[in-house]
file coords.txt (compact mmCIF, C-alpha atoms (C1' of nucleotides))
# COMPACT_ATOMS: atom_id res chain seq x y z
CA MET A 1 139.79 -13.95 -101.96
CA PHE A 2 142.89 -15.09 -100.07
CA SER A 3 146.35 -15.88 -101.39
CA LYS A 4 147.42 -19.51 -101.56
CA ALA A 5 149.76 -18.87 -98.65
CA CYS A 6 146.84 -17.60 -96.61
CA GLU A 7 144.61 -20.49 -97.58
CA TYR A 8 147.29 -22.92 -96.48
CA GLY A 9 147.77 -20.91 -93.32
CA ILE A 10 144.09 -21.12 -92.44
CA LYS A 11 143.77 -24.80 -93.28
CA ALA A 12 146.97 -25.68 -91.45
CA SER A 13 145.87 -23.72 -88.40
CA ILE A 14 142.55 -25.52 -88.25
CA PHE A 15 144.31 -28.85 -88.53
CA ILE A 16 146.88 -27.94 -85.91
CA ALA A 17 144.12 -26.72 -83.58
CA GLU A 18 142.34 -30.00 -84.02
CA GLN A 19 145.48 -31.85 -82.92
CA SER A 20 146.14 -29.41 -80.10
CA LEU A 21 142.69 -30.18 -78.73
CA LYS A 22 143.95 -33.73 -78.35
CA GLY A 23 147.21 -32.49 -76.83
CA ASP A 24 149.25 -33.47 -79.87
CA LYS A 25 151.94 -31.60 -81.77
CA VAL A 26 152.18 -32.12 -85.49
CA GLY A 27 155.02 -31.74 -87.98
CA GLN A 28 155.29 -30.01 -91.36
CA VAL A 29 155.11 -33.23 -93.28
CA ALA A 30 151.95 -34.38 -91.57
CA ILE A 31 150.36 -30.95 -91.91
CA ALA A 32 151.06 -30.67 -95.61
CA LYS A 33 149.73 -34.16 -96.13
CA ALA A 34 146.62 -33.45 -94.09
CA ILE A 35 145.67 -30.30 -95.95
CA ASN A 36 147.05 -31.41 -99.32
CA SER A 37 149.47 -28.54 -99.79
CA PRO A 38 153.09 -28.19 -100.93
CA GLU A 39 155.22 -29.00 -97.91
CA ALA A 40 158.07 -26.50 -98.16
CA PHE A 41 155.79 -23.66 -99.12
CA THR A 42 153.43 -24.45 -96.29
CA ALA A 43 156.40 -24.55 -93.92
CA LYS A 44 157.20 -20.95 -94.87
CA THR A 45 153.70 -19.96 -93.97
CA LEU A 46 153.95 -21.76 -90.64
CA GLN A 47 157.14 -19.83 -89.95
CA ILE A 48 155.24 -16.59 -90.39
CA LEU A 49 152.56 -17.74 -87.97
CA THR A 50 155.20 -18.89 -85.49
CA LYS A 51 157.15 -15.65 -85.72
CA HIS A 52 154.01 -13.72 -84.92
CA GLY A 53 153.28 -15.94 -81.95
CA ILE A 54 150.04 -17.20 -83.41
CA ILE A 55 151.17 -20.80 -83.19
CA SER A 56 154.05 -22.39 -81.29
CA SER A 57 156.75 -24.72 -82.56
CA GLU A 58 159.38 -26.99 -81.12
CA ARG A 59 162.31 -28.57 -82.92
CA GLY A 60 163.74 -31.99 -82.52
CA PRO A 61 162.13 -35.38 -82.10
CA HIS A 62 158.54 -35.17 -80.92
CA GLY A 63 158.62 -31.52 -81.93
CA GLY A 64 156.19 -29.88 -84.26
CA PHE A 65 153.56 -27.18 -84.35
CA PHE A 66 150.83 -26.57 -81.84
CA PHE A 67 148.63 -23.97 -80.20
CA ASN A 68 149.35 -23.42 -76.53
CA GLU A 69 146.31 -22.87 -74.32
CA LEU A 70 146.28 -19.11 -74.64
CA GLN A 71 146.79 -19.28 -78.41
CA LEU A 72 144.13 -21.92 -78.81
CA SER A 73 141.54 -19.92 -76.91
CA SER A 74 142.27 -16.59 -78.56
CA THR A 75 143.34 -17.07 -82.19
CA LEU A 76 140.88 -15.62 -84.67
CA LEU A 77 140.82 -16.03 -88.42
CA CYS A 78 141.70 -12.35 -88.76
CA HIS A 79 145.01 -12.91 -86.97
CA ILE A 80 146.09 -15.40 -89.59
CA VAL A 81 144.80 -13.37 -92.51
CA GLU A 82 146.40 -10.17 -91.25
CA VAL A 83 149.94 -11.52 -90.90
CA ILE A 84 149.84 -13.29 -94.26
CA ASP A 85 147.67 -11.19 -96.57
CA GLY A 86 147.33 -7.98 -94.62
CA THR A 87 144.10 -6.15 -93.97
CA ASN A 88 143.51 -4.69 -97.40
CA LEU A 89 140.91 -7.28 -98.30
CA TYR A 90 138.44 -6.20 -95.70
CA LYS A 91 139.73 -2.83 -94.62
CA GLY A 92 140.83 -1.37 -97.96
CA CYS A 93 138.79 -0.08 -100.87
CA GLY A 94 137.01 -2.43 -103.25
CA LEU A 95 138.89 -0.86 -106.14
CA GLY A 96 142.20 -0.65 -104.34
CA LEU A 97 142.10 3.11 -104.10
CA GLU A 98 144.26 4.65 -101.41
CA ARG A 99 142.13 7.61 -100.54
CA CYS A 100 138.68 6.13 -100.51
CA ASN A 101 136.59 6.61 -97.42
CA GLU A 102 133.14 7.44 -96.18
CA ASP A 103 133.50 11.13 -96.97
CA VAL A 104 135.20 10.75 -100.33
CA PRO A 105 133.97 7.38 -101.52
CA CYS A 106 134.96 5.60 -104.71
CA PRO A 107 132.21 4.66 -107.17
CA VAL A 108 131.68 1.25 -105.62
CA HIS A 109 132.26 2.23 -102.03
CA HIS A 110 128.68 1.99 -100.83
CA GLN A 111 128.11 -1.18 -102.83
CA PHE A 112 131.03 -2.83 -101.08
CA LYS A 113 130.86 -1.36 -97.62
CA GLN A 114 128.44 -3.78 -96.02
CA ILE A 115 130.14 -6.81 -97.52
CA ARG A 116 133.60 -5.78 -96.41
CA ASP A 117 132.29 -4.96 -92.96
CA ASP A 118 130.61 -8.34 -92.72
CA LEU A 119 133.75 -10.09 -93.91
CA ARG A 120 135.81 -8.20 -91.41
CA ASN A 121 133.37 -8.94 -88.63
CA MET A 122 133.32 -12.62 -89.49
CA LEU A 123 137.12 -12.88 -89.52
CA GLU A 124 137.31 -10.94 -86.27
CA THR A 125 134.83 -13.13 -84.41
CA THR A 126 135.60 -16.62 -85.69
CA LEU A 127 137.98 -18.59 -83.47
CA VAL A 128 140.15 -21.14 -85.22
CA VAL A 129 139.49 -23.57 -82.41
CA ASP A 130 135.77 -23.38 -83.03
CA LEU A 131 136.34 -24.35 -86.65
CA ALA A 132 138.44 -27.24 -85.39
CA ILE A 133 135.67 -28.30 -83.04
CA GLY A 134 133.16 -28.12 -85.88
CA LEU A 135 135.55 -30.29 -87.82
CA LYS A 136 135.76 -32.78 -84.99
CA SER A 137 132.02 -33.17 -84.78
CA GLY A 138 132.04 -34.25 -88.39
CA LEU A 139 130.36 -31.23 -89.89
CA ALA A 140 133.22 -30.32 -92.16
CA PHE A 141 136.40 -31.66 -93.69
CA LEU A 142 139.75 -30.18 -94.48
CA LYS A 143 141.53 -32.20 -97.13
CA ARG A 144 140.12 -32.05 -100.59
CA MET B 1 139.66 -8.93 -103.74
CA PHE B 2 139.98 -8.28 -107.47
CA SER B 3 143.05 -8.50 -109.68
CA LYS B 4 144.60 -5.28 -110.94
CA ALA B 5 143.26 -6.09 -114.39
CA CYS B 6 139.78 -6.35 -112.95
CA GLU B 7 140.10 -3.16 -110.95
CA TYR B 8 141.17 -1.31 -114.09
CA GLY B 9 138.33 -2.97 -115.98
CA ILE B 10 135.75 -1.80 -113.48
CA LYS B 11 137.13 1.71 -113.21
CA ALA B 12 137.50 2.03 -116.98
CA SER B 13 133.97 0.78 -117.50
CA ILE B 14 132.53 3.31 -115.10
CA PHE B 15 134.45 6.09 -116.83
CA ILE B 16 133.41 4.91 -120.29
CA ALA B 17 129.80 4.67 -119.15
CA GLU B 18 129.98 8.19 -117.87
CA GLN B 19 131.15 9.37 -121.30
CA SER B 20 128.59 7.22 -123.08
CA LEU B 21 125.87 8.94 -121.12
CA LYS B 22 127.02 12.12 -122.83
CA GLY B 23 127.18 10.34 -126.19
CA ASP B 24 130.97 10.43 -126.30
CA LYS B 25 133.49 7.77 -127.20
CA VAL B 26 136.80 7.74 -125.42
CA GLY B 27 140.25 6.42 -126.32
CA GLN B 28 142.74 4.25 -124.44
CA VAL B 29 144.99 7.17 -123.65
CA ALA B 30 142.19 9.22 -122.15
CA ILE B 31 140.85 6.26 -120.19
CA ALA B 32 144.21 5.36 -118.68
CA LYS B 33 144.74 8.98 -117.75
CA ALA B 34 141.28 9.28 -116.25
CA ILE B 35 141.59 6.24 -114.03
CA ASN B 36 145.33 6.59 -113.43
CA SER B 37 146.30 3.18 -114.79
CA PRO B 38 149.06 1.84 -117.08
CA GLU B 39 147.87 2.49 -120.60
CA ALA B 40 148.97 -0.63 -122.48
CA PHE B 41 147.92 -2.95 -119.71
CA THR B 42 144.56 -1.28 -119.45
CA ALA B 43 144.18 -1.59 -123.21
CA LYS B 44 144.52 -5.37 -122.88
CA THR B 45 141.74 -5.39 -120.36
CA LEU B 46 139.56 -3.29 -122.64
CA GLN B 47 140.19 -5.83 -125.41
CA ILE B 48 138.80 -8.55 -123.18
CA LEU B 49 135.70 -6.52 -122.46
CA THR B 50 135.29 -5.74 -126.15
CA LYS B 51 135.74 -9.36 -127.21
CA HIS B 52 133.01 -10.37 -124.82
CA GLY B 53 130.70 -7.70 -126.15
CA ILE B 54 130.52 -5.89 -122.86
CA ILE B 55 131.76 -2.65 -124.37
CA SER B 56 132.07 -1.55 -128.00
CA SER B 57 135.05 -0.10 -129.81
CA GLU B 58 135.76 1.65 -133.08
CA ARG B 59 139.12 2.26 -134.69
CA GLY B 60 140.35 5.28 -136.55
CA PRO B 61 139.93 8.99 -135.92
CA HIS B 62 137.06 9.76 -133.57
CA GLY B 63 137.08 6.11 -132.62
CA GLY B 64 137.35 4.79 -129.10
CA PHE B 65 135.44 2.81 -126.54
CA PHE B 66 131.81 3.17 -125.60
CA PHE B 67 128.72 1.39 -124.37
CA ASN B 68 125.94 1.12 -126.92
CA GLU B 69 122.43 1.58 -125.59
CA LEU B 70 121.81 -2.07 -124.89
CA GLN B 71 125.20 -2.49 -123.24
CA LEU B 72 124.75 0.63 -121.17
CA SER B 73 121.39 -0.46 -119.85
CA SER B 74 122.35 -4.04 -119.11
CA THR B 75 125.99 -4.26 -118.04
CA LEU B 76 126.40 -5.39 -114.45
CA LEU B 77 129.56 -5.46 -112.35
CA CYS B 78 129.45 -9.25 -112.41
CA HIS B 79 129.82 -9.27 -116.20
CA ILE B 80 133.13 -7.44 -115.95
CA VAL B 81 134.38 -9.46 -113.00
CA GLU B 82 133.44 -12.77 -114.59
CA VAL B 83 135.30 -12.25 -117.87
CA ILE B 84 138.42 -10.94 -116.16
CA ASP B 85 138.71 -12.75 -112.81
CA GLY B 86 136.17 -15.51 -113.20
CA THR B 87 133.53 -16.43 -110.70
CA ASN B 88 135.68 -18.12 -108.09
CA LEU B 89 135.63 -15.12 -105.81
CA TYR B 90 131.94 -15.30 -105.11
CA LYS B 91 130.98 -18.73 -106.35
CA GLY B 92 134.01 -20.74 -105.20
CA CYS B 93 135.00 -21.89 -101.75
CA GLY B 94 136.54 -19.52 -99.22
CA LEU B 95 139.51 -21.85 -98.92
CA GLY B 96 139.74 -22.62 -102.62
CA LEU B 97 138.61 -26.19 -102.20
CA GLU B 98 137.17 -27.83 -105.29
CA ARG B 99 134.62 -30.05 -103.69
CA CYS B 100 133.13 -27.82 -101.06
CA ASN B 101 129.39 -27.38 -101.01
CA GLU B 102 126.38 -27.23 -98.78
CA ASP B 103 126.35 -30.97 -98.18
CA VAL B 104 130.09 -31.44 -97.75
CA PRO B 105 131.19 -28.05 -96.49
CA CYS B 106 134.75 -26.97 -95.75
CA PRO B 107 135.55 -25.74 -92.22
CA VAL B 108 134.82 -22.13 -93.08
CA HIS B 109 131.93 -22.75 -95.44
CA HIS B 110 129.17 -21.52 -93.19
CA GLN B 111 131.26 -18.61 -92.01
CA PHE B 112 131.73 -17.48 -95.59
CA LYS B 113 128.45 -18.40 -97.17
CA GLN B 114 126.48 -15.28 -96.38
CA ILE B 115 129.30 -12.99 -97.34
CA ARG B 116 129.94 -14.66 -100.67
CA ASP B 117 126.23 -14.69 -101.38
CA ASP B 118 125.98 -10.99 -100.58
CA LEU B 119 129.00 -10.22 -102.72
CA ARG B 120 127.55 -12.20 -105.56
CA ASN B 121 124.19 -10.54 -105.20
CA MET B 122 125.75 -7.11 -105.17
CA LEU B 123 127.81 -7.77 -108.30
CA GLU B 124 124.78 -9.27 -110.01
CA THR B 125 122.48 -6.34 -109.31
CA THR B 126 124.75 -3.31 -109.67
CA LEU B 127 124.62 -1.70 -113.09
CA VAL B 128 127.78 0.03 -114.25
CA VAL B 129 125.70 2.88 -115.59
CA ASP B 130 124.24 3.50 -112.15
CA LEU B 131 127.71 3.84 -110.74
CA ALA B 132 128.45 6.30 -113.55
CA ILE B 133 125.33 8.27 -112.70
CA GLY B 134 126.31 8.30 -109.04
CA LEU B 135 129.65 9.59 -110.19
CA LYS B 136 128.03 12.32 -112.23
CA SER B 137 126.03 13.58 -109.31
CA GLY B 138 129.28 14.23 -107.50
CA LEU B 139 128.98 11.55 -104.86
CA ALA B 140 132.10 9.70 -105.85
CA PHE B 141 135.28 10.04 -107.83
CA LEU B 142 137.29 7.70 -109.97
CA LYS B 143 140.85 8.88 -110.24
CA ARG B 144 142.94 8.56 -107.15
C1' DA C 1 179.36 -37.59 -77.79
C1' DT C 2 176.58 -39.25 -81.65
C1' DA C 3 172.82 -39.99 -84.41
C1' DA C 4 168.16 -38.99 -85.47
C1' DT C 5 164.49 -35.80 -85.87
C1' DT C 6 162.47 -31.65 -86.61
C1' DA C 7 161.82 -26.49 -87.53
C1' DA C 8 164.36 -22.37 -89.40
C1' DA C 9 166.67 -20.18 -92.85
C1' DG C 10 168.50 -19.31 -97.26
C1' DA C 11 169.02 -19.98 -102.13
C1' DT C 12 166.98 -21.00 -106.29
C1' DA C 13 163.35 -22.15 -109.73
C1' DT C 14 158.84 -21.80 -111.81
C1' DT C 15 154.57 -19.73 -112.77
C1' DT C 16 151.44 -16.04 -112.84
C1' DT C 17 150.44 -11.35 -112.89
C1' DT C 18 151.47 -6.96 -114.24
C1' DG C 19 153.43 -3.91 -117.39
C1' DT C 20 155.79 -2.18 -121.82
C1' DC C 21 157.00 -1.85 -126.59
C1' DT C 22 156.40 -2.74 -131.50
C1' DT C 23 153.79 -3.94 -135.41
C1' DT C 24 149.41 -4.51 -137.74
C1' DA C 25 144.76 -3.43 -139.18
C1' DA C 26 140.84 -0.52 -139.53
C1' DT C 27 138.80 3.95 -140.13
C1' DT C 28 138.56 8.74 -141.24
C1' DA C 29 139.78 13.02 -143.31
C1' DT C 30 142.36 15.32 -146.73
C1' DA D 1 145.75 7.51 -152.79
C1' DT D 2 147.94 9.32 -148.60
C1' DA D 3 148.43 10.58 -144.06
C1' DA D 4 146.67 10.62 -139.50
C1' DT D 5 144.36 8.36 -135.81
C1' DT D 6 142.91 4.76 -133.27
C1' DA D 7 142.16 -0.19 -131.48
C1' DA D 8 144.06 -5.01 -131.98
C1' DA D 9 147.57 -8.15 -131.63
C1' DG D 10 151.89 -10.04 -130.55
C1' DA D 11 156.35 -10.16 -128.49
C1' DC D 12 158.84 -9.08 -124.68
C1' DA D 13 160.16 -7.52 -119.74
C1' DA D 14 159.64 -6.97 -114.87
C1' DA D 15 157.67 -8.08 -110.61
C1' DA D 16 155.20 -10.89 -107.49
C1' DA D 17 153.44 -15.21 -105.97
C1' DT D 18 154.12 -19.91 -105.63
C1' DA D 19 157.03 -23.80 -105.11
C1' DT D 20 161.33 -26.54 -104.38
C1' DC D 21 165.84 -27.72 -102.72
C1' DT D 22 169.75 -27.38 -99.58
C1' DT D 23 171.90 -26.12 -95.43
C1' DT D 24 171.72 -24.87 -90.58
C1' DA D 25 170.24 -25.00 -85.82
C1' DA D 26 167.82 -26.91 -82.02
C1' DT D 27 166.21 -30.85 -79.45
C1' DT D 28 165.84 -35.55 -78.08
C1' DA D 29 167.15 -40.22 -77.41
C1' DT D 30 170.70 -43.52 -77.38
call {"tool": "encode", "arguments": {"input": "coords.txt", "output": "structure tokens"}}
result
Amino acid sequence: MFSKACEYGIKASIFIAEQSLKGDKVGQVAIAKAINSPEAFTAKTLQILTKHGIISSERGPHGGFFFNELQLSSTLLCHIVEVIDGTNLYKGCGLGLERCNEDVPCPVHHQFKQIRDDLRNMLETTLVVDLAIGLKSGLAFLKR
Amino acid sequence: MFSKACEYGIKASIFIAEQSLKGDKVGQVAIAKAINSPEAFTAKTLQILTKHGIISSERGPHGGFFFNELQLSSTLLCHIVEVIDGTNLYKGCGLGLERCNEDVPCPVHHQFKQIRDDLRNMLETTLVVDLAIGLKSGLAFLKR
DNA sequence: ATAATTAAAGATATTTTTGTCTTTAATTAT
DNA sequence: ATAATTAAAGACAAAAATATCTTTAATTAT
């Protein structure tokens, strides 16, 4: 579904959000350890998120990654997915055809439409912070 | 969503089914041309489908690929997807976690469950031949 | 100022996916 | 039998994704 980079990006974001709820910043090393991902590669992904202003970062001692208040309250899953994997997954055609649309649909267009719409809707309405809160209340776990 | 190999596999299958409905076999060259895909690479994909008994093939003059009657009436999208991409897309976890399930769900498990179930259901109930028939009636096109 | 800490950036390596080319084997028609 | 046609198989190449390593820049604390 998502690329590895995107999976790490989502997992890292949820973990960072969880820490941000406590007012803590968290570093690359701790993040990679927490979500069980390759550190340097995950760092690249974090750079993408930082560049796009989805998360914040600070260098130096006591630095690290975090969501500021605005970011924490507004970051949706779709924001992360879009800057890492793009929108093709849920906006494009199921068969990767360029010119497939409602009027000139590909053979699987109607079969896929509802699912892609639902996926899109889910990504566009799910706040990362809510996933982090769900995590906090013990309903779900990140590292596995 | 799907790998290129899988996209070619699906498109090729729909095209082959369309020809099989007319009682025709069709060769690699014609298939690749019809679905606008790299010939040799597509041929590899067809070999996978043939090996798994999803489509049939015959060598020599007037040979080519085709669905026999049983194959034509029973081949679902999920059969093609499973032998090429595996089932991870719609059976696995949205974040690629090994041990994510209903009891010990990952942070996005509930967000993704319905969508993956719908995707799975769609792939498991859509016959390739029906897509080919839809194609025949002019509602959709393959090559783009 | 200096050292320590941390993210950013760049270079490189590995693996996987995608794609091509060549040879082989089967089948058919002559 | 021979030639033509076609899929199968194998070797190889290119591109993309994934992963690692090294250097640089910013920040903090001493």
call {"tool": "atom_distance", "arguments": {"input": "coords.txt", "atom1": "CA of Glu98 (chain A)", "atom2": "CA of Asn36 (chain B)"}}
result
12.2 Å
call {"tool": "atom_distance", "arguments": {"input": "coords.txt", "atom1": "CA of Cys6 (chain B)", "atom2": "CA of Asn88 (chain B)"}}
result
13.4 Å
call {"tool": "interface_residues", "arguments": {"input": "coords.txt", "of": "chain A", "to": "chain D", "cutoff": "6 Å", "atoms": "all atoms listed in the file", "output": "list in words"}}
result
Arg59, Gly60 and Pro61 of chain A
call {"tool": "write_last_selection", "arguments": {"input": "coords.txt", "atoms": "C-alpha atoms", "output": "CSV table (one decimal), in the coordinates of the input"}}
result
chain,number,residue,atom,x,y,z
A,59,ARG,CA,162.3,-28.6,-82.9
A,60,GLY,CA,163.7,-32.0,-82.5
A,61,PRO,CA,162.1,-35.4,-82.1
call {"tool": "atom_distance", "arguments": {"input": "coords.txt", "atom1": "CA of Glu69 (chain B)", "atom2": "CA of Cys106 (chain A)"}}
result
24.7 Å
call {"tool": "closest_residue", "arguments": {"input": "coords.txt", "among": "A:Leu95, A:Tyr90, A:Arg120, A:Leu127", "to": "chain B", "atoms": "only C-alpha atoms"}}
result
A:Leu95
call {"tool": "interface_residues", "arguments": {"input": "coords.txt", "of": "chain A", "to": "chain B", "cutoff": "7 Å", "atoms": "only C-alpha atoms", "output": "PyMOL selection string"}}
result
chain A and resi 1+7+89+95+97+99+104-108+111+115+118-119+122+131+135+140-142+144
call {"tool": "interface_residues", "arguments": {"input": "coords.txt", "of": "chain C", "to": "chain B", "cutoff": "6 Å", "atoms": "only C-alpha atoms (C1' of nucleotides)", "output": "NGL selection string"}}
result
:C and (26-28)
call {"tool": "write_last_selection", "arguments": {"input": "coords.txt", "atoms": "C-alpha atoms (C1' of nucleotides)", "output": "tab-separated table (two decimals), in the coordinates of the input"}}
result
chain	number	residue	atom	x	y	z
C	26	DA	C1'	140.84	-0.52	-139.53
C	27	DT	C1'	138.80	3.95	-140.13
C	28	DT	C1'	138.56	8.74	-141.24
call {"tool": "closest_residue", "arguments": {"input": "coords.txt", "among": "C:DA7, C:DA13, C:DA1, C:DA29", "to": "Ala43 (chain A)", "atoms": "only C-alpha atoms (C1' of nucleotides)"}}
result
C:DA7
call {"tool": "residues_around", "arguments": {"input": "coords.txt", "residues": "Lys22 (chain B)", "least_positions_apart": "4", "cutoff": "12 Å", "atoms": "only C-alpha atoms (C1' of nucleotides)", "output": "list in words"}}
result
Phe15, Ile16, Ala17, Glu18, Val26, Phe66, Phe67, Asn68, Glu69, Leu72, Val129, Ala132, Ile133 and Lys136 of chain B
call {"tool": "write_last_selection", "arguments": {"input": "coords.txt", "atoms": "C-alpha atoms", "output": "short mmCIF file (atom, residue, chain, number, x, y, z; two decimals), keeping the file's coordinate frame"}}
result
data_model
loop_
_atom_site.label_atom_id
_atom_site.label_comp_id
_atom_site.auth_asym_id
_atom_site.auth_seq_id
_atom_site.Cartn_x
_atom_site.Cartn_y
_atom_site.Cartn_z
CA PHE B 15 134.45 6.09 -116.83
CA ILE B 16 133.41 4.91 -120.29
CA ALA B 17 129.80 4.67 -119.15
CA GLU B 18 129.98 8.19 -117.87
CA VAL B 26 136.80 7.74 -125.42
CA PHE B 66 131.81 3.17 -125.60
CA PHE B 67 128.72 1.39 -124.37
CA ASN B 68 125.94 1.12 -126.92
CA GLU B 69 122.43 1.58 -125.59
CA LEU B 72 124.75 0.63 -121.17
CA VAL B 129 125.70 2.88 -115.59
CA ALA B 132 128.45 6.30 -113.55
CA ILE B 133 125.33 8.27 -112.70
CA LYS B 136 128.03 12.32 -112.23
#
call {"tool": "residues_around", "arguments": {"input": "coords.txt", "residues": "Cys78 (chain A)", "least_positions_apart": "3", "cutoff": "6 Å", "atoms": "all atoms listed in the file", "output": "JSON list (two decimals) with C-alpha atoms, keeping the file's coordinate frame"}}
result
[["chain", "number", "residue", "atom", "x", "y", "z"],
["A", 81, "VAL", "CA", 144.80, -13.37, -92.51],
["A", 82, "GLU", "CA", 146.40, -10.17, -91.25],
["A", 123, "LEU", "CA", 137.12, -12.88, -89.52],
["A", 124, "GLU", "CA", 137.31, -10.94, -86.27]]
call {"tool": "axis_aligned_box", "arguments": {"input": "coords.txt", "around": "region 42-54 of chain B", "padding_each_side": "4 Å", "output": "AutoDock Vina command-line options"}}
result
--center_x 137.5 --center_y -5.8 --center_z -123.3 --size_x 22.0 --size_y 17.1 --size_z 15.8
call {"tool": "build_atoms", "arguments": {"input": "coords.txt", "residues": "region 74-94 of chain A", "atoms": "N, CA and C atoms", "output": "PDB file, in the frame of the given file"}}
result
ATOM      1  N   SER A  74     142.393 -17.985 -78.144  1.00  0.00           N
ATOM      2  CA  SER A  74     142.270 -16.590 -78.560  1.00  0.00           C
ATOM      3  C   SER A  74     142.520 -16.323 -80.047  1.00  0.00           C
ATOM      4  N   THR A  75     142.988 -17.330 -80.783  1.00  0.00           N
ATOM      5  CA  THR A  75     143.340 -17.070 -82.190  1.00  0.00           C
ATOM      6  C   THR A  75     142.116 -17.006 -83.087  1.00  0.00           C
ATOM      7  N   LEU A  76     141.985 -15.862 -83.736  1.00  0.00           N
ATOM      8  CA  LEU A  76     140.880 -15.620 -84.670  1.00  0.00           C
ATOM      9  C   LEU A  76     141.376 -15.745 -86.109  1.00  0.00           C
ATOM     10  N   LEU A  77     140.457 -15.981 -87.000  1.00  0.00           N
ATOM     11  CA  LEU A  77     140.820 -16.030 -88.420  1.00  0.00           C
ATOM     12  C   LEU A  77     141.526 -14.750 -88.852  1.00  0.00           C
ATOM     13  N   CYS A  78     141.098 -13.625 -88.347  1.00  0.00           N
ATOM     14  CA  CYS A  78     141.700 -12.350 -88.760  1.00  0.00           C
ATOM     15  C   CYS A  78     143.178 -12.284 -88.417  1.00  0.00           C
ATOM     16  N   HIS A  79     143.592 -12.941 -87.334  1.00  0.00           N
ATOM     17  CA  HIS A  79     145.010 -12.910 -86.970  1.00  0.00           C
ATOM     18  C   HIS A  79     145.853 -13.573 -88.047  1.00  0.00           C
ATOM     19  N   ILE A  80     145.371 -14.677 -88.545  1.00  0.00           N
ATOM     20  CA  ILE A  80     146.090 -15.400 -89.590  1.00  0.00           C
ATOM     21  C   ILE A  80     146.099 -14.599 -90.882  1.00  0.00           C
ATOM     22  N   VAL A  81     144.920 -14.133 -91.266  1.00  0.00           N
ATOM     23  CA  VAL A  81     144.800 -13.370 -92.510  1.00  0.00           C
ATOM     24  C   VAL A  81     145.677 -12.118 -92.459  1.00  0.00           C
ATOM     25  N   GLU A  82     145.668 -11.436 -91.333  1.00  0.00           N
ATOM     26  CA  GLU A  82     146.400 -10.170 -91.250  1.00  0.00           C
ATOM     27  C   GLU A  82     147.901 -10.332 -91.414  1.00  0.00           C
ATOM     28  N   VAL A  83     148.478 -11.381 -90.800  1.00  0.00           N
ATOM     29  CA  VAL A  83     149.940 -11.520 -90.900  1.00  0.00           C
ATOM     30  C   VAL A  83     150.362 -12.090 -92.248  1.00  0.00           C
ATOM     31  N   ILE A  84     149.456 -12.725 -92.969  1.00  0.00           N
ATOM     32  CA  ILE A  84     149.840 -13.290 -94.260  1.00  0.00           C
ATOM     33  C   ILE A  84     149.419 -12.401 -95.429  1.00  0.00           C
ATOM     34  N   ASP A  85     148.177 -11.987 -95.445  1.00  0.00           N
ATOM     35  CA  ASP A  85     147.670 -11.190 -96.570  1.00  0.00           C
ATOM     36  C   ASP A  85     147.509  -9.714 -96.251  1.00  0.00           C
ATOM     37  N   GLY A  86     147.591  -9.367 -94.982  1.00  0.00           N
ATOM     38  CA  GLY A  86     147.330  -7.980 -94.620  1.00  0.00           C
ATOM     39  C   GLY A  86     145.836  -7.717 -94.520  1.00  0.00           C
ATOM     40  N   THR A  87     145.499  -6.466 -94.255  1.00  0.00           N
ATOM     41  CA  THR A  87     144.100  -6.150 -93.970  1.00  0.00           C
ATOM     42  C   THR A  87     143.383  -5.516 -95.151  1.00  0.00           C
ATOM     43  N   ASN A  88     144.094  -5.398 -96.272  1.00  0.00           N
ATOM     44  CA  ASN A  88     143.510  -4.690 -97.400  1.00  0.00           C
ATOM     45  C   ASN A  88     142.199  -5.277 -97.884  1.00  0.00           C
ATOM     46  N   LEU A  89     142.122  -6.604 -97.815  1.00  0.00           N
ATOM     47  CA  LEU A  89     140.910  -7.280 -98.300  1.00  0.00           C
ATOM     48  C   LEU A  89     139.654  -6.742 -97.663  1.00  0.00           C
ATOM     49  N   TYR A  90     139.680  -6.597 -96.349  1.00  0.00           N
ATOM     50  CA  TYR A  90     138.440  -6.200 -95.700  1.00  0.00           C
ATOM     51  C   TYR A  90     138.484  -4.810 -95.084  1.00  0.00           C
ATOM     52  N   LYS A  91     139.673  -4.201 -95.113  1.00  0.00           N
ATOM     53  CA  LYS A  91     139.730  -2.830 -94.620  1.00  0.00           C
ATOM     54  C   LYS A  91     139.909  -1.832 -95.757  1.00  0.00           C
ATOM     55  N   GLY A  92     140.540  -2.271 -96.852  1.00  0.00           N
ATOM     56  CA  GLY A  92     140.830  -1.370 -97.960  1.00  0.00           C
ATOM     57  C   GLY A  92     139.614  -1.110 -98.820  1.00  0.00           C
ATOM     58  N   CYS A  93     139.859  -0.437 -99.937  1.00  0.00           N
ATOM     59  CA  CYS A  93     138.790  -0.080-100.870  1.00  0.00           C
ATOM     60  C   CYS A  93     138.566  -1.219-101.859  1.00  0.00           C
ATOM     61  N   GLY A  94     137.346  -1.381-102.293  1.00  0.00           N
ATOM     62  CA  GLY A  94     137.010  -2.430-103.250  1.00  0.00           C
ATOM     63  C   GLY A  94     137.751  -2.299-104.557  1.00  0.00           C
TER      64      GLY A  94
END
